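Peer 1: Here it is: the structure, laid out below.
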Amino acid sequence: MDQLMDDPFSQGFTAGSRRGWDVRDDDDTLYLRIDMPGLGKEDVKISVEQNTLIIRAEGDRESDEDEESGRRYSGRIDLPQNLYNINDIRAEMKNGVLKVCVPKVKEEERKDVFQVQVQ
């Protein structure tokens with residue numbers, strides 16, 4: 001669990017997929033910034049399946065014969081259960097840059113954190 005918190009990209013990514021990805025994290029939110037030059041918001045699909053954030057994007061191919069000409073991005077990030085508020089994830093695509101904000105559940109709202117009264 002500590003390794004996942006230190007590097008949320010440590011699991012579920014294919015080789016070379018970290019290029020162009022920046023991750024920042026504070027007490028309230030996990031911030032992702034992904035460079036996707038040449039793509040627009042209509043090319044990007046973001047979903048959460050079984051506590052895994054899935055980001056896929058694919059641009060138009062220049063021709064049907066050239067399958068490599070379209071840009072493709074794919075990534076998965078495992079989100080620990082009860083740590084992130086997956087219903088409030090926000091995403092914005094602007095000038096070929098995708099920004100995703102994944103808010104954290106506040107510690108006092110988490111059901112898996114119990115405060116013990118010291119006597």
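Scheme for the structure tokens: letters A, B, ... for chains in order shown; per-chain residue numbers from 1; ligand numbers from 1 in order shown.
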May I have all residues of stretch 35-112 of chain A that DSSP, computed from the backbone, assigns to strand (DSSP E), given as an NGL selection string?
Peer 2: :A and (35 or 44-49 or 52-58 or 72-78 or 90-94 or 97-103)
Peer 1: Quick one: residues within 7 Å of stretch 17-33 of chain A, only C-alpha atoms counted, chain neighbours fewer than 4 positions away excluded, as a list in words?
Peer 2: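 Answer for this query is Phe13, Gly75, Val97, Leu98, Lys99, Val100, Cys101, Val102, Pro103 and Lys104 of chain A.
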Peer 1: Could those residues be written to a file, using N, CA and C atoms, as a compact mmCIF listing (two decimals), in the first residue's frame?
Peer 2:
```txt
# COMPACT_ATOMS: atom_id res chain seq x y z
N PHE A 13 0.54 -0.19 -15.74
CA PHE A 13 0.94 0.57 -16.92
C PHE A 13 1.77 -0.28 -17.85
N GLY A 75 -3.68 4.25 -20.34
CA GLY A 75 -3.07 4.12 -19.03
C GLY A 75 -4.09 3.73 -17.99
N VAL A 97 -3.48 18.97 -23.86
CA VAL A 97 -3.08 18.57 -22.51
C VAL A 97 -4.33 18.16 -21.74
N LEU A 98 -4.33 16.93 -21.23
CA LEU A 98 -5.42 16.44 -20.39
C LEU A 98 -5.04 16.62 -18.94
N LYS A 99 -5.92 17.26 -18.18
CA LYS A 99 -5.72 17.43 -16.74
C LYS A 99 -6.85 16.70 -16.03
N VAL A 100 -6.48 15.81 -15.12
CA VAL A 100 -7.46 15.04 -14.36
C VAL A 100 -7.21 15.29 -12.88
N CYS A 101 -8.27 15.59 -12.15
CA CYS A 101 -8.21 15.81 -10.71
C CYS A 101 -9.04 14.73 -10.03
N VAL A 102 -8.39 13.97 -9.15
CA VAL A 102 -9.06 12.90 -8.42
C VAL A 102 -9.05 13.31 -6.95
N PRO A 103 -10.19 13.78 -6.42
CA PRO A 103 -10.21 14.23 -5.03
C PRO A 103 -10.11 13.06 -4.05
N LYS A 104 -9.44 13.34 -2.95
CA LYS A 104 -9.31 12.34 -1.90
C LYS A 104 -10.47 12.48 -0.92
```
Peer 1: For A:Pro80, which residue out of A:Val105, A:Val116, A:Met36, A:Ala57 is the nearest one, using only C-alpha atoms?
Peer 2: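 With only C-alpha atoms as the atom set, the closest residue is A:Val105.
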Peer 1: Tell me, in Å to one decimal, how far atom CA of A:Lys41 is from atom CA of A:Leu83.
Peer 2: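 About the pair atom CA of A:Lys41 and atom CA of A:Leu83: they are 27.3 Å apart.
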Peer 1: Can you tell me, as number ranges by chain, what residues are no more than 12 Å from A:Lys45 when counting only C-alpha atoms, ignoring any on the same chain fewer than 5 positions away?
Peer 2: A: 39-40, 53-59, 72-75, 91-93, 98, 100
Peer 1: Would you mind exporting N, CA and C atoms of the selected residues as a CSV table (one decimal), in the first residue's frame?
Peer 2:
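Produced file part_14.csv, reproduced below:
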```csv
chain,number,residue,atom,x,y,z
A,39,LEU,N,-4.7,15.8,-30.1
A,39,LEU,CA,-6.0,15.2,-29.8
A,39,LEU,C,-6.9,16.3,-29.1
A,40,GLY,N,-8.2,16.1,-29.2
A,40,GLY,CA,-9.2,16.9,-28.6
A,40,GLY,C,-10.0,16.1,-27.6
A,53,LEU,N,-8.6,3.7,-12.5
A,53,LEU,CA,-8.9,4.8,-13.4
A,53,LEU,C,-8.3,4.5,-14.7
A,54,ILE,N,-9.1,4.5,-15.8
A,54,ILE,CA,-8.6,4.1,-17.1
A,54,ILE,C,-8.8,5.3,-18.0
A,55,ILE,N,-7.6,5.6,-18.6
A,55,ILE,CA,-7.6,6.8,-19.6
A,55,ILE,C,-7.2,6.2,-20.9
A,56,ARG,N,-8.0,6.5,-21.9
A,56,ARG,CA,-7.7,6.0,-23.3
A,56,ARG,C,-8.0,7.2,-24.2
A,57,ALA,N,-7.1,7.3,-25.2
A,57,ALA,CA,-7.3,8.3,-26.3
A,57,ALA,C,-6.8,7.8,-27.6
A,58,GLU,N,-7.5,8.2,-28.6
A,58,GLU,CA,-7.0,7.8,-30.0
A,58,GLU,C,-7.5,8.8,-31.0
A,59,GLY,N,-6.5,9.3,-31.8
A,59,GLY,CA,-6.8,10.2,-32.8
A,59,GLY,C,-7.1,9.6,-34.1
A,72,ARG,N,-2.2,7.3,-30.1
A,72,ARG,CA,-2.9,6.4,-29.1
A,72,ARG,C,-2.3,6.6,-27.7
A,73,TYR,N,-3.1,6.7,-26.8
A,73,TYR,CA,-2.7,6.8,-25.4
A,73,TYR,C,-3.5,5.8,-24.6
A,74,SER,N,-2.9,5.1,-23.6
A,74,SER,CA,-3.6,4.2,-22.8
A,74,SER,C,-2.9,4.1,-21.4
A,75,GLY,N,-3.7,4.3,-20.3
A,75,GLY,CA,-3.1,4.1,-19.0
A,75,GLY,C,-4.1,3.7,-18.0
A,91,ALA,N,-12.1,16.2,-15.3
A,91,ALA,CA,-11.1,16.2,-16.3
A,91,ALA,C,-11.4,17.3,-17.3
A,92,GLU,N,-10.2,17.9,-17.8
A,92,GLU,CA,-10.3,19.0,-18.8
A,92,GLU,C,-9.2,18.7,-19.8
A,93,MET,N,-9.6,18.9,-21.1
A,93,MET,CA,-8.7,18.8,-22.2
A,93,MET,C,-8.6,20.1,-22.9
A,98,LEU,N,-4.3,16.9,-21.2
A,98,LEU,CA,-5.4,16.4,-20.4
A,98,LEU,C,-5.0,16.6,-18.9
A,100,VAL,N,-6.5,15.8,-15.1
A,100,VAL,CA,-7.5,15.0,-14.4
A,100,VAL,C,-7.2,15.3,-12.9
```
Peer 1: Figure out the distance between atom CA of A:Asn95 and atom CA of A:Asp78, please, to one decimal in Å.
Peer 2: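 Atom-to-atom, atom CA of A:Asp78 and atom CA of A:Asn95 are spaced 26.8 Å apart.
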Peer 1: For a quick check of understanding, using only C-alpha atoms, which of A:Gln50, A:Asp88, A:Asp60, A:Gly96 has the smallest distance to A:Asp35?
Peer 2: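 Answer, going by the shortest atom-to-atom distance: A:Gly96.
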Peer 1: Work out how far apart atom CA of A:Ile86 and atom CA of A:Pro37 are and give it in Å to one decimal.
Peer 2: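 These atoms are spaced 26.4 Å apart.
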